[in-house]
Amino acid sequence: QMSFNKTQRVLDASGVSDVNQEEITRLFYQQFYSVQAGMEFNLNSSQTIGALITANSSQRTGNFNSENKFSKLNEPVDSGLITSSPLKGKGFTNNYNLNYRLQADSGKTELTMLATYTPYRSNFYQQFYSFLFSGKGDITRIPIPFQTTNTTDVDIWIAQMDFSKHFKNQWKLETGLKNQIANSSNQILYEENANGDYVKVPAYSNNSKLNEMISAAYGILYKDWKKDKIQFGLRLENTNANYSGSTPQQYLKIFPTLFYQHDINEQYNLSFSYKKTISRTPYNEMVPYTIFVNKYTVFTGNPMLKPQYDDFLSLNVNLNKVNLSFNYAFVKGMFGQFPSSQDFNTMVTYFALQNLDQSNHFYIDVFYPLTITSWWKTQNSGSVFGYSKSSGKVLGNEYSLSSTWYNLKTDHTFTFSKNIKLEVIAYYSSAYTSELTHIGVVGNIDASLLMTVLKNKGQIRIGGSDILKRNIYTSDQYFANYSSEKSRYGDSRRISIGFTYNFGRLSRQTPSKKLGNNDALDRIQ
């Protein structure tokens, strides 16, 4: 996999702006391995117990090459740095799950209990070799080589119980309890080779730990009438988190949900929904760390990060085949990657994940399937209008950014014969703002040829993704003493060939098992 980043950073300390033009090429190879095994026993006609084990591992090797060119604004390059960073890493995520299920009253009452243990291990090693050059391209100095080793260990324990009950007159209740414990450690070893041997540098090395426990209880009440449905839910969460070298965090939060739907007839209905959600910080971002791209671009952890809270409101209207959705989101504490500090003497910029004050988003979604001919069918969707605004503090100053935007996707299926179909998907996104960053236009085309063989039991798929030459993304940030213009592309064109064979449907299908750890896995990076 390859990607290319080109960034121009302008740092203004005293009216004379310094410019750092940085180009980074990332090339790495990844291997993924996955295995799953499970079993289930019927204790009787209404009770089952089961066990499930999954193992996922990955390895990657590669090299990051970066070039930094320095100058005064609108002046020729006066010096630069070229850095080569070979890397290798490996990691695994395992899941060990035990579950119990009880069904009674002809399926009207159900109880499930589960316990899941998830260990995650990651080791990432990188070396940095570089040399400085003058404006004429001559080598002026070879900096001391250095290397970093990042070791991450995360252990997650989950216990969960869910209960549901159907009552008379189409009433239903769902309720449950959950307790989640996560212990995370992150070790950064930074070593410099000044005299032929690598020696640890304590200023850039650390060993940080996070202990977190989340206890939650929820209840959801449903009621169905002939033409109306209503759902009301409430979730209560208590979080205790202790970070090494930082102030412990404790907070109790309530998350309500509401849904109402009215059916006018079989083809027309409208619905309204509201929900409040939480997005917790990735584990490794909440502990102090220092990761170098090169000597001038450094990413650090932020123990002061708070969770992100989202309030969603949605009005949905179905008009025959057309679906319209009017959506509004109020976000408090949105995560964003911004410069956290600058050293104007050394030209080093430090970046960290940070919380914004608030963000507002309004957008109108449309879904419209259309049959053009008997052999040409389409599905069209997208946000036909959107408005976003965010505000927050960066480098000690308040900023606000807003934009209007839209995005479209159209999916076309061409049926050439009973056994041959062609699928073409095109998408386009206009320029927009995200957090406090300007994002440029992007679009591409995917296509797949499907051929049914072996008496309709087999299917051959020949697909091409990102058929256009390449995806190019641009983003800009503008703050008081810092501005950045970035362009990035990934050579993501792919051709894939796949074969699927249907051996027949099983007479008994076991529902997929819940592990209860999806939100925790989303926080592992």
# chains A, B, ... in the order shown; residues from 1 in each chain; ligands from 1
>>> residues_around(residues="Gly135 (chain A)", least_positions_apart="2", cutoff="8 Å", atoms="only C-alpha atoms", output="list of chain:residue names")
A:Pro76, A:Val77, A:Asp78, A:Ser79, A:Gly80, A:Phe133, A:Gly137, A:Asp138
>>> select_by_dssp(residues="region 225-441 of chain A", states="helix (DSSP H, G or I)", output="JSON, numbers by chain")
{"A": [283, 284, 285, 286]}
>>> write_last_selection(atoms="C-alpha atoms", output="compact mmCIF listing (two decimals), in the first residue's frame")
# COMPACT_ATOMS: atom_id res chain seq x y z
CA TYR A 283 -6.79 4.18 24.25
CA ASN A 284 -3.35 5.11 22.95
CA GLU A 285 -4.29 8.81 22.53
CA MET A 286 -5.09 9.25 26.23
>>> closest_residue(among="A:Tyr368, A:Tyr96, A:Tyr328, A:Trp157", to="Leu313 (chain A)", atoms="only C-alpha atoms")
A:Tyr328
>>> closest_atom_pairs(of="region 103-169 of chain A", to="region 217-224 of chain A", cutoff="10 Å", atoms="only C-alpha atoms", output="JSON lines")
{"residue": "A:Gln160", "atom": "CA", "partner": "A:Ala217", "partner_atom": "CA", "distance": 9.8}
{"residue": "A:Met161", "atom": "CA", "partner": "A:Ala217", "partner_atom": "CA", "distance": 9.6}
{"residue": "A:Asp162", "atom": "CA", "partner": "A:Tyr218", "partner_atom": "CA", "distance": 9.2}
{"residue": "A:Phe163", "atom": "CA", "partner": "A:Gly219", "partner_atom": "CA", "distance": 9.4}
{"residue": "A:Ser164", "atom": "CA", "partner": "A:Ile220", "partner_atom": "CA", "distance": 9.2}
{"residue": "A:Lys165", "atom": "CA", "partner": "A:Leu221", "partner_atom": "CA", "distance": 9.9}
{"residue": "A:His166", "atom": "CA", "partner": "A:Tyr222", "partner_atom": "CA", "distance": 9.3}
{"residue": "A:Phe167", "atom": "CA", "partner": "A:Lys223", "partner_atom": "CA", "distance": 9.7}
{"residue": "A:Asn169", "atom": "CA", "partner": "A:Asp224", "partner_atom": "CA", "distance": 7.9}
